[in-house]
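J.: Provided herewith: structure-v2.cif, mmCIF, C-alpha atoms.
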```
data_my_file
#
loop_
_atom_site.label_atom_id
_atom_site.label_comp_id
_atom_site.auth_asym_id
_atom_site.auth_seq_id
_atom_site.Cartn_x
_atom_site.Cartn_y
_atom_site.Cartn_z
CA MET A 841 47.04 169.46 139.40
CA LEU A 842 49.51 166.58 139.75
CA ARG A 843 48.29 165.92 143.28
CA LEU A 844 44.71 165.79 141.99
CA ILE A 845 45.69 163.18 139.39
CA VAL A 846 47.48 161.05 141.98
CA GLN A 847 44.54 161.22 144.39
CA ARG A 848 42.02 160.26 141.73
CA VAL A 849 44.13 157.35 140.45
CA LEU A 850 44.69 155.98 143.97
CA ALA A 851 40.95 156.22 144.67
CA LEU A 852 40.31 153.93 141.70
CA VAL A 853 42.16 150.97 143.25
CA PRO A 854 39.55 150.07 145.92
CA LEU A 855 36.77 150.85 143.44
CA LEU A 856 38.10 148.41 140.86
CA PHE A 857 38.61 145.77 143.55
CA LEU A 858 35.03 146.15 144.74
CA VAL A 859 33.71 146.02 141.18
CA SER A 860 35.70 142.87 140.44
CA VAL A 861 34.32 141.16 143.56
CA LEU A 862 30.72 142.11 142.79
CA THR A 863 31.03 141.19 139.11
CA PHE A 864 32.49 137.78 139.81
CA SER A 865 30.11 137.04 142.68
CA PHE A 866 26.90 138.02 140.91
CA THR A 867 27.71 136.19 137.68
CA SER A 868 28.81 133.09 139.57
CA LEU A 869 25.52 133.02 141.47
CA LEU A 870 23.34 133.12 138.34
CA PRO A 871 20.52 130.54 138.42
CA GLY A 872 21.16 127.41 136.43
CA ASP A 873 24.37 125.69 135.50
CA PRO A 874 26.25 126.25 132.21
CA ALA A 875 27.22 122.60 132.27
CA ASP A 876 23.55 121.67 131.82
CA LEU A 877 23.39 123.73 128.60
CA ILE A 878 26.60 122.20 127.26
CA VAL A 879 25.90 118.55 128.13
CA GLY A 880 22.17 118.65 127.42
CA GLN A 881 19.38 116.52 128.81
CA GLN A 882 20.84 113.31 127.39
CA GLY A 883 24.19 113.70 129.16
CA THR A 884 25.40 111.26 131.77
CA PRO A 885 26.51 112.24 135.29
CA GLU A 886 30.09 111.44 134.29
CA GLN A 887 29.90 113.82 131.32
CA TYR A 888 28.33 116.46 133.53
CA ALA A 889 31.10 116.15 136.12
CA LEU A 890 33.78 116.20 133.40
CA VAL A 891 32.40 119.41 131.90
CA ARG A 892 32.19 121.10 135.31
CA HIS A 893 35.80 120.13 135.98
CA ARG A 894 36.95 121.38 132.57
CA LEU A 895 35.22 124.72 133.16
CA GLY A 896 36.57 124.99 136.69
CA LEU A 897 33.07 125.12 138.18
CA ASP A 898 33.91 122.45 140.74
CA GLN A 899 36.44 124.71 142.48
CA PRO A 900 35.58 126.88 145.51
CA LEU A 901 34.29 130.35 144.68
CA VAL A 902 37.21 132.15 146.37
CA GLU A 903 39.76 130.06 144.51
CA ARG A 904 38.00 130.73 141.20
CA TYR A 905 37.96 134.47 141.95
CA ALA A 906 41.68 134.56 142.78
CA HIS A 907 42.46 132.66 139.60
CA TRP A 908 40.26 135.04 137.55
CA VAL A 909 41.80 138.21 139.03
CA GLU A 910 45.31 136.90 138.51
CA HIS A 911 44.68 136.27 134.82
CA ALA A 912 42.62 139.45 134.35
CA ALA A 913 45.53 141.53 135.66
CA ARG A 914 47.57 140.13 132.76
CA GLY A 915 44.83 140.89 130.24
CA ASP A 916 43.50 137.33 130.10
CA LEU A 917 39.73 137.40 130.77
CA GLY A 918 39.25 133.70 130.28
CA THR A 919 37.71 131.59 127.55
CA SER A 920 34.10 131.32 126.46
CA PHE A 921 32.27 128.26 127.76
CA PHE A 922 30.59 127.59 124.42
CA ASN A 923 32.92 128.37 121.51
CA SER A 924 36.38 128.29 123.15
CA VAL A 925 37.03 131.88 122.00
CA LYS A 926 39.20 134.03 124.25
CA VAL A 927 37.00 136.60 125.97
CA SER A 928 39.54 139.39 125.54
CA ASP A 929 39.70 138.78 121.77
CA ALA A 930 35.90 138.74 121.42
CA VAL A 931 35.48 141.91 123.50
CA MET A 932 38.25 143.82 121.73
CA GLN A 933 36.78 142.84 118.36
CA ARG A 934 33.38 144.33 119.27
CA LEU A 935 34.61 147.24 121.42
CA PRO A 936 35.55 149.59 118.51
CA VAL A 937 31.99 149.31 117.18
CA THR A 938 30.39 150.32 120.48
CA ALA A 939 33.09 152.91 121.21
CA SER A 940 32.67 154.63 117.84
CA LEU A 941 28.90 154.72 118.23
CA THR A 942 29.20 156.15 121.74
CA ALA A 943 31.82 158.71 120.69
CA VAL A 944 29.74 160.05 117.78
CA ALA A 945 26.64 160.15 119.99
CA ALA A 946 28.60 162.07 122.65
CA LEU A 947 29.79 164.61 120.08
CA ILE A 948 26.23 165.11 118.86
CA ALA A 949 24.93 165.45 122.42
CA ILE A 950 27.60 167.99 123.38
CA ALA A 951 27.25 170.08 120.22
CA VAL A 952 23.45 170.16 120.22
CA GLY A 953 23.22 170.55 124.00
CA LEU A 954 25.68 173.44 124.17
CA ALA A 955 24.11 175.25 121.21
CA ALA A 956 20.54 174.88 122.48
CA GLY A 957 21.47 175.73 126.06
CA ILE A 958 23.42 178.87 125.12
CA ALA A 959 20.72 180.05 122.71
CA ALA A 960 18.03 179.62 125.36
CA ALA A 961 20.09 181.33 128.07
CA LEU A 962 20.80 184.39 125.93
CA ARG A 963 17.07 185.02 125.46
CA PRO A 964 15.29 183.76 128.58
CA GLY A 965 11.54 183.72 128.21
CA SER A 966 11.69 184.16 124.43
CA ALA A 967 10.36 181.83 121.75
CA VAL A 968 13.84 180.34 121.36
CA ASP A 969 13.95 179.57 125.08
CA ARG A 970 10.50 177.97 125.06
CA ILE A 971 11.30 175.87 121.99
CA ALA A 972 14.62 174.71 123.47
CA THR A 973 12.95 173.86 126.79
CA LEU A 974 10.14 171.97 125.05
CA GLY A 975 12.65 170.11 122.89
CA ALA A 976 14.72 169.19 125.94
CA THR A 977 11.65 167.85 127.74
CA PHE A 978 10.61 165.95 124.62
CA GLY A 979 14.09 164.52 124.16
CA GLN A 980 14.38 163.24 127.71
CA ALA A 981 10.94 161.63 127.57
CA ILE A 982 11.48 159.58 124.39
CA PRO A 983 13.18 156.16 124.75
CA ASN A 984 16.23 156.01 122.51
CA PHE A 985 15.25 152.67 120.99
CA TRP A 986 11.82 154.05 119.96
CA PHE A 987 13.44 157.14 118.49
CA GLY A 988 15.87 154.89 116.65
CA LEU A 989 13.00 152.90 115.12
CA LEU A 990 11.37 156.16 114.05
CA LEU A 991 14.56 157.43 112.42
CA ALA A 992 15.13 154.12 110.65
CA ALA A 993 11.55 154.09 109.33
CA ILE A 994 11.81 157.63 107.95
CA PHE A 995 15.39 158.08 106.78
CA ALA A 996 16.44 154.48 106.05
CA VAL A 997 13.32 152.66 104.89
CA GLY A 998 11.36 155.62 103.55
CA LEU A 999 13.92 158.04 102.12
CA ARG A 1000 16.79 155.53 101.83
CA TRP A 1001 19.34 158.15 102.85
CA PHE A 1002 21.07 155.88 105.35
CA PRO A 1003 21.46 152.11 105.78
CA ALA A 1004 18.84 150.61 108.09
CA THR A 1005 21.14 147.97 109.60
CA GLY A 1006 24.77 147.00 109.82
CA PHE A 1007 28.05 148.69 110.59
CA THR A 1008 30.89 149.68 108.26
CA PRO A 1009 34.35 149.93 109.86
CA ILE A 1010 36.07 153.27 109.43
CA SER A 1011 39.10 151.45 108.02
CA THR A 1012 36.95 150.19 105.15
CA SER A 1013 35.22 153.44 104.24
CA VAL A 1014 34.98 156.71 106.16
CA GLY A 1015 31.80 157.69 104.35
CA GLY A 1016 30.27 154.26 104.87
CA TRP A 1017 31.21 154.33 108.54
CA LEU A 1018 29.66 157.76 109.03
CA ALA A 1019 26.48 156.70 107.24
CA SER A 1020 26.19 153.53 109.33
CA VAL A 1021 26.55 155.32 112.69
CA ALA A 1022 24.58 158.49 111.86
CA LEU A 1023 21.07 157.29 112.71
CA PRO A 1024 21.97 155.20 115.79
CA ALA A 1025 24.19 158.01 117.10
CA ILE A 1026 21.40 160.57 116.70
CA ALA A 1027 18.93 158.25 118.40
CA LEU A 1028 21.40 157.64 121.21
CA GLY A 1029 22.57 161.22 121.68
CA PHE A 1030 19.18 162.97 121.50
CA ALA A 1031 18.21 162.40 125.14
CA SER A 1032 21.70 163.30 126.40
CA SER A 1033 21.72 166.50 124.36
CA ALA A 1034 18.44 167.44 126.02
CA ALA A 1035 19.89 166.90 129.50
CA ILE A 1036 23.02 168.88 128.65
CA ALA A 1037 20.95 171.71 127.14
CA ARG A 1038 18.88 172.07 130.30
CA GLN A 1039 21.99 172.16 132.48
CA VAL A 1040 23.82 174.62 130.22
CA ARG A 1041 20.82 176.95 130.11
CA SER A 1042 20.46 176.93 133.89
CA ALA A 1043 24.16 177.54 134.46
CA MET A 1044 24.46 180.22 131.77
CA VAL A 1045 21.46 182.19 133.04
CA GLY A 1046 23.05 182.37 136.48
CA VAL A 1047 26.49 183.30 135.18
CA LEU A 1048 25.22 186.01 132.83
CA GLN A 1049 23.71 187.82 135.82
CA GLN A 1050 27.04 188.06 137.67
CA ASP A 1051 28.74 191.41 138.24
CA TYR A 1052 31.92 190.49 136.35
CA ILE A 1053 29.85 189.83 133.21
CA ARG A 1054 28.25 193.27 133.51
CA ALA A 1055 31.70 194.77 134.04
CA ALA A 1056 33.05 193.01 130.95
CA ARG A 1057 30.19 194.35 128.86
CA ALA A 1058 30.68 197.85 130.32
CA GLN A 1059 34.32 197.73 129.17
CA GLY A 1060 33.12 197.39 125.61
CA LEU A 1061 34.00 193.74 125.04
CA SER A 1062 32.13 192.07 122.21
CA SER A 1063 29.19 189.81 123.05
CA ARG A 1064 30.99 186.83 121.51
CA ARG A 1065 34.02 187.33 123.76
CA VAL A 1066 31.89 187.87 126.86
CA ILE A 1067 29.83 184.75 126.22
CA PHE A 1068 32.48 182.28 125.11
CA ARG A 1069 35.55 183.49 127.00
CA HIS A 1070 34.05 184.63 130.31
CA ALA A 1071 30.55 183.23 130.77
CA LEU A 1072 30.76 179.81 129.15
CA LYS A 1073 33.94 178.71 130.93
CA ASN A 1074 32.39 179.32 134.34
CA ALA A 1075 29.04 177.87 133.29
CA LEU A 1076 30.72 174.63 132.20
CA VAL A 1077 31.88 173.83 135.73
CA PRO A 1078 28.56 172.27 136.86
CA VAL A 1079 27.96 170.89 133.35
CA VAL A 1080 31.05 168.67 133.54
CA ALA A 1081 29.44 166.51 136.23
CA VAL A 1082 26.35 166.05 134.06
CA LEU A 1083 28.53 165.30 131.05
CA SER A 1084 30.30 162.49 132.90
CA PHE A 1085 26.99 160.89 133.80
CA GLN A 1086 25.61 161.30 130.29
CA ILE A 1087 28.61 159.60 128.68
CA THR A 1088 28.02 156.65 130.99
CA VAL A 1089 24.34 156.65 129.97
CA LEU A 1090 25.36 156.74 126.32
CA LEU A 1091 27.63 153.74 126.78
CA GLY A 1092 24.84 151.73 128.37
CA GLY A 1093 22.25 152.92 125.86
CA ALA A 1094 24.49 151.92 122.97
CA LEU A 1095 24.00 148.28 123.94
CA ILE A 1096 20.24 148.68 123.31
CA VAL A 1097 20.42 150.85 120.21
CA GLU A 1098 22.76 148.30 118.63
CA GLN A 1099 19.89 145.81 118.66
CA VAL A 1100 17.59 148.21 116.79
CA PHE A 1101 20.09 148.73 113.95
CA ALA A 1102 21.52 145.17 113.99
CA ILE A 1103 25.01 146.38 114.88
CA ASN A 1104 27.37 143.69 116.12
CA GLY A 1105 28.87 145.53 119.06
CA LEU A 1106 29.20 144.70 122.72
CA GLY A 1107 25.41 144.76 123.12
CA THR A 1108 24.90 141.79 120.84
CA LEU A 1109 27.78 139.96 122.46
CA ALA A 1110 26.41 140.64 125.96
CA ILE A 1111 22.87 139.49 125.14
CA THR A 1112 24.18 136.28 123.57
CA ALA A 1113 26.37 135.63 126.60
CA VAL A 1114 23.46 136.13 129.01
CA ARG A 1115 21.22 133.79 127.04
CA GLN A 1116 23.89 131.10 127.03
CA GLN A 1117 24.94 131.79 130.63
CA ASP A 1118 28.47 132.21 129.32
CA ILE A 1119 29.91 133.39 132.65
CA PRO A 1120 33.47 134.28 131.50
CA MET A 1121 32.08 136.34 128.62
CA ILE A 1122 29.64 138.19 130.91
CA GLN A 1123 32.39 138.88 133.44
CA GLY A 1124 34.75 140.14 130.76
CA ILE A 1125 32.19 142.46 129.18
CA VAL A 1126 31.15 143.92 132.53
CA LEU A 1127 34.75 144.43 133.61
CA VAL A 1128 35.67 146.20 130.35
CA MET A 1129 32.57 148.40 130.51
CA VAL A 1130 33.31 149.35 134.09
CA ALA A 1131 36.92 150.14 133.20
CA ILE A 1132 35.72 152.48 130.43
CA VAL A 1133 33.32 154.21 132.83
CA VAL A 1134 36.10 154.62 135.38
CA VAL A 1135 38.42 156.16 132.78
CA VAL A 1136 35.66 158.56 131.69
CA GLN A 1137 35.00 159.49 135.30
CA LEU A 1138 38.71 160.11 135.88
CA ALA A 1139 38.92 162.32 132.78
CA THR A 1140 35.91 164.38 133.84
CA ASP A 1141 37.27 164.74 137.37
CA LEU A 1142 40.50 166.13 135.96
CA LEU A 1143 38.57 168.42 133.61
CA TYR A 1144 36.49 169.63 136.55
CA GLY A 1145 39.64 170.34 138.52
CA PHE A 1146 41.07 172.25 135.57
CA LEU A 1147 37.96 174.42 135.22
CA ASN A 1148 37.43 174.88 138.95
CA PRO A 1149 40.61 175.63 140.93
CA LYS A 1150 38.65 175.26 144.19
CA ALA A 1151 38.29 171.54 143.52
CA ARG A 1152 42.05 171.02 143.46
CA PRO A 1153 43.71 169.78 146.66
CA SER A 1154 45.72 172.43 148.46
#
```
Just give me the structure as structure tokens.

T.:
Amino acid sequence: MLRLIVQRVLALVPLLFLVSVLTFSFTSLLPGDPADLIVGQQGTPEQYALVRHRLGLDQPLVERYAHWVEHAARGDLGTSFFNSVKVSDAVMQRLPVTASLTAVAALIAIAVGLAAGIAAALRPGSAVDRIATLGATFGQAIPNFWFGLLLAAIFAVGLRWFPATGFTPISTSVGGWLASVALPAIALGFASSAAIARQVRSAMVGVLQQDYIRAARAQGLSSRRVIFRHALKNALVPVVAVLSFQITVLLGGALIVEQVFAINGLGTLAITAVRQQDIPMIQGIVLVMVAIVVVVQLATDLLYGFLNPKARPS
């Protein structure tokens, strides 16, 4: 297991380098010039040149990249072009909002997906199976932002059970935090729960037909023990790969759902940065998001290796 961890960590080094190059290159080649937005149409050529020099835009691209990587390695992602706020401070201020929304959505997706998938696999062809399959198809077809608008209209505006907009930090009020993330987390996790349910059902149906499951039942083991101790553990092996992808999807979808519920997370920060062509802010957000995805991928790789000994290096 230790060798697996070392191999996965070493494999991340070239990946992070490639991501840093692509992130810096693409954002630096965006059309337009941030100096034009700062100086305005009434600015003089001298003011324009002074702003470009202050922002470091007059330096060669390779030199700017080396300078950015050097500071990023120390945790300094630069300073915003427009409000002189440190990018790392702005990102870390918004990150807990997006992370909490993604985490709650992931818990909902896993719980609902596992329950629906197991229930459908235990009774293939039954009404429960057909309802779960229909619900999974329905869940994957609905855009999360549309589902979020529907939930807000019914449960926030109509019934007034939850707040329609805003975010309450968990440090302020646990109940307020849970109420503020409930609807956006359900809207975000619904499609992922559908994908997980389909994968769990498919894997469980195959596992339940194996000879060792029949042997366990013939020995008189209870159905609960057979399902959760023997069948589910082996069925989760292919599900882990889907789970890793779905968490990444949740993280990206959170940026959109935040706009529906007016939550000031990374999504709002990213959209504002794109509109202003705030290159350091865009680069910082992308780099942090990629780092989170890489950590999630590493965790799922290790979980996959734990569940499947064949995946471990000999």

J.: For A:Val944, which residue among A:Leu852, A:Leu1138, A:Ala1025, A:Ala1071 is the nearest when counting all atoms listed in the file?

T.: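 Looking only at the distances to A:Val944, the closest residue turns out to be A:Ala1025.
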
J.: If you measure from atom CA of A:Ala1004 to atom CA of A:Gly1092, what distance in Å do you get, rounded to one decimal?

T.: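 According to the coordinates, atom CA of A:Ala1004 and atom CA of A:Gly1092 are separated by 21.2 Å.
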
J.: Pick out the closest residue to A:Pro983 from this set: A:Ala1031, A:Ile1119, A:Val927, A:Ala961. Count all atoms listed in the file.

T.: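 The answer is A:Ala1031, which sits nearest to A:Pro983.
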
J.: Of the candidates A:Gly965, A:Leu1048, A:Ala951, A:Val931, which one gets nearest to A:Ser1063 if we count only C-alpha atoms?

T.: A:Leu1048

J.: Can you turn the PyMOL selection byres ((chain A and resi 1032) around 12) into a concrete residue list for this file, as a PyMOL selection string?

T.: chain A and resi 942+945-954+975-984+1025-1031+1033-1039+1082-1091+1093

J.: Closest to A:Val1047 among A:Ala967, A:Ile958, A:Ala912, A:Thr1112, using all atoms listed in the file?

T.: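 Selected residue with least distance to A:Val1047: A:Ile958.
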
J.: Quick one: pull the distance between atom CA of A:Leu935 and atom CA of A:Leu1106, Å, one decimal.

T.: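 Straight-line distance from atom CA of A:Leu935 to atom CA of A:Leu1106 works out to 6.1 Å.
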
J.: Report, in Å with one decimal, the straight-line distance from atom CA of A:Ile1053 to atom CA of A:Asn1074.

T.: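 So the answer is 10.9 Å.
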
J.: Mind rebuilding stretch 935-946 of chain A with all heavy atoms and writing that out as a PDB file, in the frame of the given file?

T.:
```pdb
ATOM      1  N   LEU A 935      34.506 145.967 120.707  1.00  0.00           N
ATOM      2  CA  LEU A 935      34.610 147.240 121.420  1.00  0.00           C
ATOM      3  C   LEU A 935      34.709 148.449 120.484  1.00  0.00           C
ATOM      4  O   LEU A 935      34.058 149.475 120.746  1.00  0.00           O
ATOM      5  CB  LEU A 935      35.815 147.207 122.368  1.00  0.00           C
ATOM      6  CG  LEU A 935      36.060 148.469 123.199  1.00  0.00           C
ATOM      7  CD1 LEU A 935      34.849 148.783 124.074  1.00  0.00           C
ATOM      8  CD2 LEU A 935      37.313 148.301 124.055  1.00  0.00           C
ATOM      9  N   PRO A 936      35.503 148.417 119.385  1.00  0.00           N
ATOM     10  CA  PRO A 936      35.550 149.590 118.510  1.00  0.00           C
ATOM     11  C   PRO A 936      34.192 149.980 117.936  1.00  0.00           C
ATOM     12  O   PRO A 936      33.934 151.166 117.694  1.00  0.00           O
ATOM     13  CB  PRO A 936      36.524 149.158 117.399  1.00  0.00           C
ATOM     14  CG  PRO A 936      37.374 148.112 118.019  1.00  0.00           C
ATOM     15  CD  PRO A 936      36.472 147.380 118.952  1.00  0.00           C
ATOM     16  N   VAL A 937      33.321 149.011 117.715  1.00  0.00           N
ATOM     17  CA  VAL A 937      31.990 149.310 117.180  1.00  0.00           C
ATOM     18  C   VAL A 937      31.198 150.116 118.201  1.00  0.00           C
ATOM     19  O   VAL A 937      30.655 151.182 117.891  1.00  0.00           O
ATOM     20  CB  VAL A 937      31.257 148.001 116.835  1.00  0.00           C
ATOM     21  CG1 VAL A 937      29.865 148.296 116.308  1.00  0.00           C
ATOM     22  CG2 VAL A 937      32.061 147.193 115.824  1.00  0.00           C
ATOM     23  N   THR A 938      31.131 149.621 119.432  1.00  0.00           N
ATOM     24  CA  THR A 938      30.390 150.320 120.480  1.00  0.00           C
ATOM     25  C   THR A 938      31.047 151.646 120.838  1.00  0.00           C
ATOM     26  O   THR A 938      30.362 152.645 121.082  1.00  0.00           O
ATOM     27  CB  THR A 938      30.290 149.429 121.733  1.00  0.00           C
ATOM     28  OG1 THR A 938      29.655 148.185 121.382  1.00  0.00           O
ATOM     29  CG2 THR A 938      29.482 150.107 122.829  1.00  0.00           C
ATOM     30  N   ALA A 939      32.377 151.679 120.859  1.00  0.00           N
ATOM     31  CA  ALA A 939      33.090 152.910 121.210  1.00  0.00           C
ATOM     32  C   ALA A 939      32.863 154.000 120.160  1.00  0.00           C
ATOM     33  O   ALA A 939      32.655 155.173 120.509  1.00  0.00           O
ATOM     34  CB  ALA A 939      34.580 152.629 121.358  1.00  0.00           C
ATOM     35  N   SER A 940      32.892 153.633 118.875  1.00  0.00           N
ATOM     36  CA  SER A 940      32.670 154.630 117.840  1.00  0.00           C
ATOM     37  C   SER A 940      31.248 155.158 117.876  1.00  0.00           C
ATOM     38  O   SER A 940      31.013 156.366 117.715  1.00  0.00           O
ATOM     39  CB  SER A 940      32.977 154.036 116.464  1.00  0.00           C
ATOM     40  OG  SER A 940      32.121 152.939 116.176  1.00  0.00           O
ATOM     41  N   LEU A 941      30.287 154.288 118.121  1.00  0.00           N
ATOM     42  CA  LEU A 941      28.900 154.720 118.230  1.00  0.00           C
ATOM     43  C   LEU A 941      28.711 155.657 119.416  1.00  0.00           C
ATOM     44  O   LEU A 941      28.054 156.706 119.312  1.00  0.00           O
ATOM     45  CB  LEU A 941      27.988 153.502 118.357  1.00  0.00           C
ATOM     46  CG  LEU A 941      26.499 153.776 118.597  1.00  0.00           C
ATOM     47  CD1 LEU A 941      25.915 154.609 117.477  1.00  0.00           C
ATOM     48  CD2 LEU A 941      25.737 152.461 118.749  1.00  0.00           C
ATOM     49  N   THR A 942      29.306 155.308 120.548  1.00  0.00           N
ATOM     50  CA  THR A 942      29.200 156.150 121.740  1.00  0.00           C
ATOM     51  C   THR A 942      29.895 157.484 121.541  1.00  0.00           C
ATOM     52  O   THR A 942      29.391 158.528 121.970  1.00  0.00           O
ATOM     53  CB  THR A 942      29.794 155.418 122.951  1.00  0.00           C
ATOM     54  OG1 THR A 942      29.151 154.143 123.103  1.00  0.00           O
ATOM     55  CG2 THR A 942      29.603 156.218 124.220  1.00  0.00           C
ATOM     56  N   ALA A 943      31.065 157.472 120.899  1.00  0.00           N
ATOM     57  CA  ALA A 943      31.820 158.710 120.690  1.00  0.00           C
ATOM     58  C   ALA A 943      31.058 159.681 119.788  1.00  0.00           C
ATOM     59  O   ALA A 943      30.961 160.882 120.080  1.00  0.00           O
ATOM     60  CB  ALA A 943      33.186 158.395 120.090  1.00  0.00           C
ATOM     61  N   VAL A 944      30.498 159.171 118.684  1.00  0.00           N
ATOM     62  CA  VAL A 944      29.740 160.050 117.780  1.00  0.00           C
ATOM     63  C   VAL A 944      28.489 160.568 118.480  1.00  0.00           C
ATOM     64  O   VAL A 944      28.128 161.752 118.350  1.00  0.00           O
ATOM     65  CB  VAL A 944      29.360 159.288 116.493  1.00  0.00           C
ATOM     66  CG1 VAL A 944      28.479 160.160 115.598  1.00  0.00           C
ATOM     67  CG2 VAL A 944      30.613 158.883 115.740  1.00  0.00           C
ATOM     68  N   ALA A 945      27.820 159.713 119.252  1.00  0.00           N
ATOM     69  CA  ALA A 945      26.640 160.150 119.990  1.00  0.00           C
ATOM     70  C   ALA A 945      27.003 161.216 121.024  1.00  0.00           C
ATOM     71  O   ALA A 945      26.246 162.176 121.235  1.00  0.00           O
ATOM     72  CB  ALA A 945      25.982 158.956 120.680  1.00  0.00           C
ATOM     73  N   ALA A 946      28.166 161.072 121.670  1.00  0.00           N
ATOM     74  CA  ALA A 946      28.600 162.070 122.650  1.00  0.00           C
ATOM     75  C   ALA A 946      28.893 163.407 121.980  1.00  0.00           C
ATOM     76  O   ALA A 946      28.547 164.474 122.514  1.00  0.00           O
ATOM     77  CB  ALA A 946      29.836 161.559 123.388  1.00  0.00           C
TER      78      ALA A 946
END
```
